[in-house]
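Dumped input-v2.txt below, it's compact mmCIF, C-alpha atoms:
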```
# COMPACT_ATOMS: atom_id res chain seq x y z
CA MET P 1 1.96 24.40 28.10
CA HIS P 2 0.03 25.59 25.04
CA ARG P 3 2.58 23.91 22.78
CA LEU P 4 2.14 20.61 24.60
CA ILE P 5 -1.64 20.78 24.21
CA PHE P 6 -1.25 21.62 20.51
CA VAL P 7 1.15 18.70 19.98
CA LEU P 8 -1.21 16.31 21.78
CA LEU P 9 -4.18 17.53 19.72
CA LEU P 10 -2.19 17.17 16.51
CA ALA P 11 -1.12 13.64 17.45
CA GLY P 12 -4.76 12.74 18.05
CA CYS P 13 -5.64 13.81 14.51
CA MET P 14 -3.06 11.59 12.85
CA ALA P 15 -4.41 8.44 11.25
CA ALA P 16 -3.65 5.20 13.02
CA PRO P 17 -1.45 2.83 11.00
CA LYS P 18 -3.34 0.20 9.04
CA GLN P 19 -3.31 -3.23 10.67
CA VAL P 20 -2.59 -5.68 7.86
CA ALA P 21 -2.32 -9.45 8.32
CA VAL P 22 0.73 -11.32 7.04
CA GLY P 23 0.25 -12.21 3.35
CA HIS P 24 -2.34 -9.46 2.96
CA TYR P 25 -1.95 -5.91 1.74
CA ARG P 26 -5.03 -4.16 3.09
CA ALA P 27 -6.72 -3.80 6.44
CA PRO P 28 -9.52 -6.40 6.59
CA ASP P 29 -11.92 -4.03 8.33
CA ALA P 30 -11.43 -1.16 5.85
CA PRO P 31 -14.35 -0.45 3.51
CA MET P 32 -13.68 -1.16 -0.15
CA TYR P 33 -15.44 0.22 -3.19
CA SER P 34 -15.31 -0.79 -6.83
CA ASN P 35 -15.95 1.48 -9.80
CA ALA P 36 -19.75 1.49 -10.19
CA VAL P 37 -19.74 3.25 -13.57
CA LEU P 38 -17.14 1.08 -15.26
CA ASP P 39 -17.58 0.38 -18.98
CA PRO P 40 -16.25 -3.20 -19.32
CA ALA P 41 -15.80 -2.87 -23.10
CA LYS P 42 -13.16 -0.18 -22.49
CA LEU P 43 -11.02 -2.66 -20.56
CA ALA P 44 -10.17 -4.52 -23.77
CA GLY P 45 -6.57 -4.19 -24.84
CA ASP P 46 -3.02 -4.71 -23.67
CA TRP P 47 -2.02 -3.58 -20.19
CA ARG P 48 1.36 -3.51 -18.48
CA GLN P 49 1.85 -3.82 -14.76
CA VAL P 50 3.37 -0.64 -13.32
CA ALA P 51 3.00 -1.43 -9.62
CA GLY P 52 1.90 -4.19 -7.30
CA PHE P 53 1.82 -5.48 -3.76
CA GLY P 54 4.25 -8.28 -2.99
CA ALA P 55 5.71 -7.63 -6.41
CA GLY P 56 9.39 -7.17 -5.59
CA LYS P 57 10.41 -10.73 -6.44
CA CYS P 58 9.92 -10.63 -10.20
CA ALA P 59 9.73 -8.37 -13.23
CA PRO P 60 6.53 -6.43 -13.90
CA GLY P 61 3.94 -8.33 -15.84
CA ALA P 62 1.15 -7.67 -18.29
CA ALA P 63 -2.44 -8.57 -19.07
CA ARG P 64 -4.42 -8.78 -22.29
CA ILE P 65 -8.16 -8.31 -21.91
CA SER P 66 -10.38 -9.23 -24.86
CA GLN P 67 -14.05 -8.56 -25.50
CA GLY P 68 -15.89 -11.44 -27.13
CA ALA P 69 -19.48 -12.51 -27.68
CA ALA P 70 -19.46 -14.29 -24.30
CA GLY P 71 -17.93 -11.33 -22.44
CA LEU P 72 -14.45 -10.43 -21.26
CA THR P 73 -11.52 -12.83 -21.22
CA VAL P 74 -8.05 -12.26 -19.86
CA ALA P 75 -4.57 -13.70 -20.31
CA TYR P 76 -2.11 -12.45 -17.70
CA ARG P 77 1.37 -12.82 -16.32
CA LEU P 78 1.66 -10.66 -13.23
CA CYS P 79 4.22 -10.22 -10.51
CA GLN P 80 2.31 -10.88 -7.30
CA ALA P 81 3.06 -12.22 -3.82
CA GLY P 82 5.08 -15.37 -4.12
CA GLY P 83 6.32 -14.63 -7.64
CA VAL P 84 4.87 -14.84 -11.11
CA ALA P 85 1.15 -15.56 -11.47
CA LYS P 86 0.01 -16.74 -14.90
CA GLY P 87 -3.47 -17.53 -16.08
CA ALA P 88 -6.14 -17.13 -18.69
CA GLY P 89 -9.87 -17.45 -19.00
CA ALA P 90 -13.20 -15.72 -18.67
CA MET P 91 -13.52 -12.67 -16.43
CA GLU P 92 -16.80 -13.65 -14.76
CA ALA P 93 -18.62 -10.45 -13.78
CA GLN P 94 -19.94 -10.47 -10.20
CA THR P 95 -21.41 -7.01 -10.67
CA VAL P 96 -20.19 -3.79 -12.28
CA GLY P 97 -16.44 -3.49 -11.80
CA ARG P 98 -16.00 -6.84 -10.03
CA PHE P 99 -14.69 -9.96 -11.75
CA ASP P 100 -13.73 -13.50 -10.82
CA VAL P 101 -10.47 -14.24 -12.64
CA PRO P 102 -9.10 -17.79 -13.00
CA GLY P 103 -6.04 -18.56 -10.91
CA GLN P 104 -6.17 -15.44 -8.75
CA PRO P 105 -6.29 -15.45 -4.92
CA GLY P 106 -9.28 -13.14 -4.94
CA PRO P 107 -11.63 -11.37 -7.34
CA TRP P 108 -10.42 -8.41 -9.34
CA TRP P 109 -12.27 -5.31 -8.23
CA VAL P 110 -11.60 -2.32 -10.46
CA LEU P 111 -11.16 0.34 -7.81
CA TRP P 112 -10.43 3.11 -10.29
CA ALA P 113 -10.03 3.73 -14.00
CA ASP P 114 -8.98 7.14 -15.22
CA ALA P 115 -11.40 8.92 -17.57
CA ASP P 116 -9.62 7.64 -20.69
CA TYR P 117 -9.09 4.06 -19.44
CA ARG P 118 -5.30 4.33 -19.49
CA THR P 119 -4.79 3.30 -15.85
CA LEU P 120 -6.58 0.64 -13.79
CA VAL P 121 -6.26 0.10 -10.06
CA ILE P 122 -7.17 -3.49 -9.16
CA GLY P 123 -7.74 -4.82 -5.65
CA ALA P 124 -9.44 -7.66 -3.80
CA PRO P 125 -11.53 -7.45 -0.63
CA ASN P 126 -9.53 -10.27 0.96
CA GLY P 127 -6.39 -8.13 0.65
CA GLN P 128 -4.33 -10.85 -1.03
CA LEU P 129 -3.75 -8.90 -4.23
CA GLY P 130 -3.50 -5.39 -5.50
CA PHE P 131 -1.82 -3.90 -8.55
CA ILE P 132 -1.86 -1.08 -11.06
CA LEU P 133 -2.16 -1.69 -14.80
CA ASN P 134 -1.45 0.96 -17.41
CA ARG P 135 -1.22 1.51 -21.13
CA GLY P 136 0.81 4.28 -22.69
CA ALA P 137 2.71 6.83 -20.64
CA PHE P 138 2.28 6.69 -16.87
CA PRO P 139 2.65 10.22 -15.51
CA ALA P 140 3.21 11.09 -11.86
CA ASP P 141 -0.29 12.55 -11.42
CA ARG P 142 -1.96 9.23 -12.31
CA LEU P 143 0.43 7.33 -10.01
CA ALA P 144 -0.49 9.74 -7.20
CA ALA P 145 -4.22 9.26 -7.92
CA ALA P 146 -3.81 5.47 -8.00
CA LYS P 147 -1.97 5.51 -4.67
CA ASP P 148 -4.71 7.68 -3.15
CA ILE P 149 -7.34 5.17 -4.30
CA LEU P 150 -5.39 2.25 -2.83
CA ASP P 151 -4.88 4.09 0.45
CA TRP P 152 -8.56 5.04 0.63
CA ASN P 153 -9.48 1.36 0.15
CA GLY P 154 -7.33 0.28 3.10
CA TYR P 155 -4.11 -0.77 1.35
CA ASP P 156 -0.76 -0.45 3.11
CA LEU P 157 1.19 1.69 0.65
CA LYS P 158 4.50 0.79 2.32
CA GLN P 159 4.15 -2.61 0.64
CA LEU P 160 3.50 -1.20 -2.85
CA VAL P 161 6.31 -1.75 -5.36
CA VAL P 162 6.29 0.76 -8.22
CA TYR P 163 8.33 -0.23 -11.29
```

Would you mind writing the structure in this file as structure tokens?
Amino acid sequence: MHRLIFVLLLAGCMAAPKQVAVGHYRAPDAPMYSNAVLDPAKLAGDWRQVAGFGAGKCAPGAARISQGAAGLTVAYRLCQAGGVAKGAGAMEAQTVGRFDVPGQPGPWWVLWADADYRTLVIGAPNGQLGFILNRGAFPADRLAAAKDILDWNGYDLKQLVVY
């Protein structure tokens, strides 16, 4: 009897699976937070895509972010839902860590950047995109941290493709 009660209590503590709509990668009712202390100038450089949602249909992509007098610009080719997404233009800042990016199905929210700006976790509140960008080596501890951030922001990690 005690075992049955313990098993029932343990089952009650388990997290309910995320309810994600078709074509979306995060639960719409999950809170989402962007990086409030992001230094946009440190985003400049070449990034390679190391993971993404809906990304199994094409090769991993890349993005080049540049800092100019008018702010950040981006040129990207990313593997996203539906295939390759290509675009370029100004990264219009909504607020710290949140950018409107031309040709994307939602804004890019920087959910996390490691202390040395080697890894970026990007998501969108509408749940239609999510991916991880990296430069240099991509060790297992940063992948684990990036997955934790995505999970905490309501993403369904079963749909994440890691290259």

| query | P:Asn134, P:Pro125, P:Ala93, P:Asp141: which is nearest Asp29 of chain P, counting all atoms listed in the file? | reply |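 Closest candidate: P:Pro125.
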
| task | List every protein, DNA or RNA residue with an atom no more than 12 Å from (-9.5, 3.7, -17.8) in the file's coordinates, counting only C-alpha atoms, and format the result as number ranges by chain. | result | P: 35, 37-45, 47, 97, 110-122, 132-136, 142, 146

Would you save the residues from that selection as a PDB file, in the coordinates of the input, using C-alpha atoms?
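Result file part.pdb:
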```pdb
ATOM      1  CA  ASN P  35     -15.950   1.480  -9.800  1.00  0.00           C
ATOM      2  CA  VAL P  37     -19.740   3.250 -13.570  1.00  0.00           C
ATOM      3  CA  LEU P  38     -17.140   1.080 -15.260  1.00  0.00           C
ATOM      4  CA  ASP P  39     -17.580   0.380 -18.980  1.00  0.00           C
ATOM      5  CA  PRO P  40     -16.250  -3.200 -19.320  1.00  0.00           C
ATOM      6  CA  ALA P  41     -15.800  -2.870 -23.100  1.00  0.00           C
ATOM      7  CA  LYS P  42     -13.160  -0.180 -22.490  1.00  0.00           C
ATOM      8  CA  LEU P  43     -11.020  -2.660 -20.560  1.00  0.00           C
ATOM      9  CA  ALA P  44     -10.170  -4.520 -23.770  1.00  0.00           C
ATOM     10  CA  GLY P  45      -6.570  -4.190 -24.840  1.00  0.00           C
ATOM     11  CA  TRP P  47      -2.020  -3.580 -20.190  1.00  0.00           C
ATOM     12  CA  GLY P  97     -16.440  -3.490 -11.800  1.00  0.00           C
ATOM     13  CA  VAL P 110     -11.600  -2.320 -10.460  1.00  0.00           C
ATOM     14  CA  LEU P 111     -11.160   0.340  -7.810  1.00  0.00           C
ATOM     15  CA  TRP P 112     -10.430   3.110 -10.290  1.00  0.00           C
ATOM     16  CA  ALA P 113     -10.030   3.730 -14.000  1.00  0.00           C
ATOM     17  CA  ASP P 114      -8.980   7.140 -15.220  1.00  0.00           C
ATOM     18  CA  ALA P 115     -11.400   8.920 -17.570  1.00  0.00           C
ATOM     19  CA  ASP P 116      -9.620   7.640 -20.690  1.00  0.00           C
ATOM     20  CA  TYR P 117      -9.090   4.060 -19.440  1.00  0.00           C
ATOM     21  CA  ARG P 118      -5.300   4.330 -19.490  1.00  0.00           C
ATOM     22  CA  THR P 119      -4.790   3.300 -15.850  1.00  0.00           C
ATOM     23  CA  LEU P 120      -6.580   0.640 -13.790  1.00  0.00           C
ATOM     24  CA  VAL P 121      -6.260   0.100 -10.060  1.00  0.00           C
ATOM     25  CA  ILE P 122      -7.170  -3.490  -9.160  1.00  0.00           C
ATOM     26  CA  ILE P 132      -1.860  -1.080 -11.060  1.00  0.00           C
ATOM     27  CA  LEU P 133      -2.160  -1.690 -14.800  1.00  0.00           C
ATOM     28  CA  ASN P 134      -1.450   0.960 -17.410  1.00  0.00           C
ATOM     29  CA  ARG P 135      -1.220   1.510 -21.130  1.00  0.00           C
ATOM     30  CA  GLY P 136       0.810   4.280 -22.690  1.00  0.00           C
ATOM     31  CA  ARG P 142      -1.960   9.230 -12.310  1.00  0.00           C
ATOM     32  CA  ALA P 146      -3.810   5.470  -8.000  1.00  0.00           C
TER      33      ALA P 146
END
```

| request: Could you check which of P:Ala90, P:Val50, P:Val96, P:Val161 is closest to Ala69 of chain P, using all atoms listed in the file? | output: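 Comparing P:Ala90, P:Val50, P:Val96, P:Val161 against Ala69 of chain P, the winner is P:Ala90.
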
| Of the candidates P:Ala137, P:Ala85, P:Ala36, P:Ala144, which shows the shortest atom-to-atom distance to Cys58 of chain P, using only C-alpha atoms? |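 Checking each of P:Ala137, P:Ala85, P:Ala36, P:Ala144 against Cys58 of chain P, counting only C-alpha atoms, the winner is P:Ala85.
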
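You will find atom CA of Gly52 of chain P at 11.3 Å from atom CA of Gly83 of chain P.
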
| task | For Gly123 of chain P, work out the shell of residues within 7 Å, counting only C-alpha atoms and skipping chain neighbours fewer than 6 positions away, then give it as a list in words. | result | Trp108, Trp109, Val110, Leu111, Leu129, Gly130 and Phe131 of chain P

| request: Work out how far atom CA of Gly106 of chain P is from atom CA of Ala124 of chain P, in Å to one decimal. | output: 5.6 Å

Calculate, to one decimal in Å, the centre and edge lengths of the box along x, y and z of the file that holds all listed atoms of segment 136-147 of chain P with 6 Å of margin on each side, and present them as lines of an AutoDock Vina configuration file.
```
center_x = -0.5
center_y = 8.4
center_z = -13.7
size_x = 19.4
size_y = 20.3
size_z = 30.0
```

| So how far away is atom CA of Ala88 of chain P from atom CA of Asp46 of chain P, in Å? |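 About the pair atom CA of Asp46 of chain P and atom CA of Ala88 of chain P: they are 13.7 Å apart.
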
Quick one: segment 98-126 of chain P with N, CA and C atoms, as a compact mmCIF listing (two decimals), keeping the file's coordinate frame?
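Below you can see result_33.txt, which holds the result:
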```txt
# COMPACT_ATOMS: atom_id res chain seq x y z
N ARG P 98 -16.50 -5.74 -10.86
CA ARG P 98 -16.00 -6.84 -10.03
C ARG P 98 -16.00 -8.13 -10.84
N PHE P 99 -14.84 -8.79 -10.89
CA PHE P 99 -14.69 -9.96 -11.75
C PHE P 99 -13.99 -11.09 -11.01
N ASP P 100 -14.47 -12.31 -11.21
CA ASP P 100 -13.73 -13.50 -10.82
C ASP P 100 -12.78 -13.82 -11.97
N VAL P 101 -11.51 -14.00 -11.63
CA VAL P 101 -10.47 -14.24 -12.64
C VAL P 101 -9.79 -15.56 -12.30
N PRO P 102 -9.71 -16.48 -13.27
CA PRO P 102 -9.10 -17.79 -13.00
C PRO P 102 -7.68 -17.67 -12.47
N GLY P 103 -7.39 -18.48 -11.43
CA GLY P 103 -6.04 -18.56 -10.91
C GLY P 103 -5.62 -17.44 -9.97
N GLN P 104 -6.51 -16.56 -9.62
CA GLN P 104 -6.17 -15.44 -8.75
C GLN P 104 -6.65 -15.72 -7.31
N PRO P 105 -5.94 -15.18 -6.31
CA PRO P 105 -6.29 -15.45 -4.92
C PRO P 105 -7.50 -14.66 -4.42
N GLY P 106 -8.08 -13.90 -5.28
CA GLY P 106 -9.28 -13.14 -4.94
C GLY P 106 -9.83 -12.51 -6.20
N PRO P 107 -11.06 -12.00 -6.15
CA PRO P 107 -11.63 -11.37 -7.34
C PRO P 107 -10.91 -10.06 -7.66
N TRP P 108 -10.96 -9.69 -8.92
CA TRP P 108 -10.42 -8.41 -9.34
C TRP P 108 -11.54 -7.38 -9.22
N TRP P 109 -11.37 -6.45 -8.31
CA TRP P 109 -12.27 -5.31 -8.23
C TRP P 109 -11.55 -4.13 -8.87
N VAL P 110 -12.17 -3.52 -9.87
CA VAL P 110 -11.60 -2.32 -10.46
C VAL P 110 -11.95 -1.18 -9.52
N LEU P 111 -10.95 -0.72 -8.78
CA LEU P 111 -11.16 0.34 -7.81
C LEU P 111 -11.21 1.70 -8.48
N TRP P 112 -10.48 1.83 -9.58
CA TRP P 112 -10.43 3.11 -10.29
C TRP P 112 -9.94 2.89 -11.71
N ALA P 113 -10.52 3.60 -12.63
CA ALA P 113 -10.03 3.73 -14.00
C ALA P 113 -10.04 5.22 -14.31
N ASP P 114 -8.96 5.73 -14.87
CA ASP P 114 -8.98 7.14 -15.22
C ASP P 114 -9.99 7.36 -16.34
N ALA P 115 -10.33 8.60 -16.62
CA ALA P 115 -11.40 8.92 -17.57
C ALA P 115 -11.18 8.33 -18.95
N ASP P 116 -9.93 8.16 -19.35
CA ASP P 116 -9.62 7.64 -20.69
C ASP P 116 -9.22 6.16 -20.69
N TYR P 117 -9.41 5.48 -19.57
CA TYR P 117 -9.09 4.06 -19.44
C TYR P 117 -7.64 3.76 -19.83
N ARG P 118 -6.72 4.57 -19.29
CA ARG P 118 -5.30 4.33 -19.49
C ARG P 118 -4.68 3.67 -18.26
N THR P 119 -5.31 3.85 -17.10
CA THR P 119 -4.79 3.30 -15.85
C THR P 119 -5.92 2.60 -15.10
N LEU P 120 -5.64 1.40 -14.61
CA LEU P 120 -6.58 0.64 -13.79
C LEU P 120 -5.94 0.33 -12.45
N VAL P 121 -6.69 0.52 -11.39
CA VAL P 121 -6.26 0.10 -10.06
C VAL P 121 -7.13 -1.10 -9.70
N ILE P 122 -6.48 -2.23 -9.45
CA ILE P 122 -7.17 -3.49 -9.16
C ILE P 122 -6.87 -3.89 -7.72
N GLY P 123 -7.90 -4.33 -7.02
CA GLY P 123 -7.74 -4.82 -5.65
C GLY P 123 -8.69 -5.97 -5.39
N ALA P 124 -8.55 -6.57 -4.22
CA ALA P 124 -9.44 -7.66 -3.80
C ALA P 124 -9.83 -7.44 -2.34
N PRO P 125 -11.09 -7.66 -2.01
CA PRO P 125 -11.53 -7.45 -0.63
C PRO P 125 -10.75 -8.27 0.40
N ASN P 126 -10.27 -9.45 0.01
CA ASN P 126 -9.53 -10.27 0.96
C ASN P 126 -8.11 -9.76 1.20
```
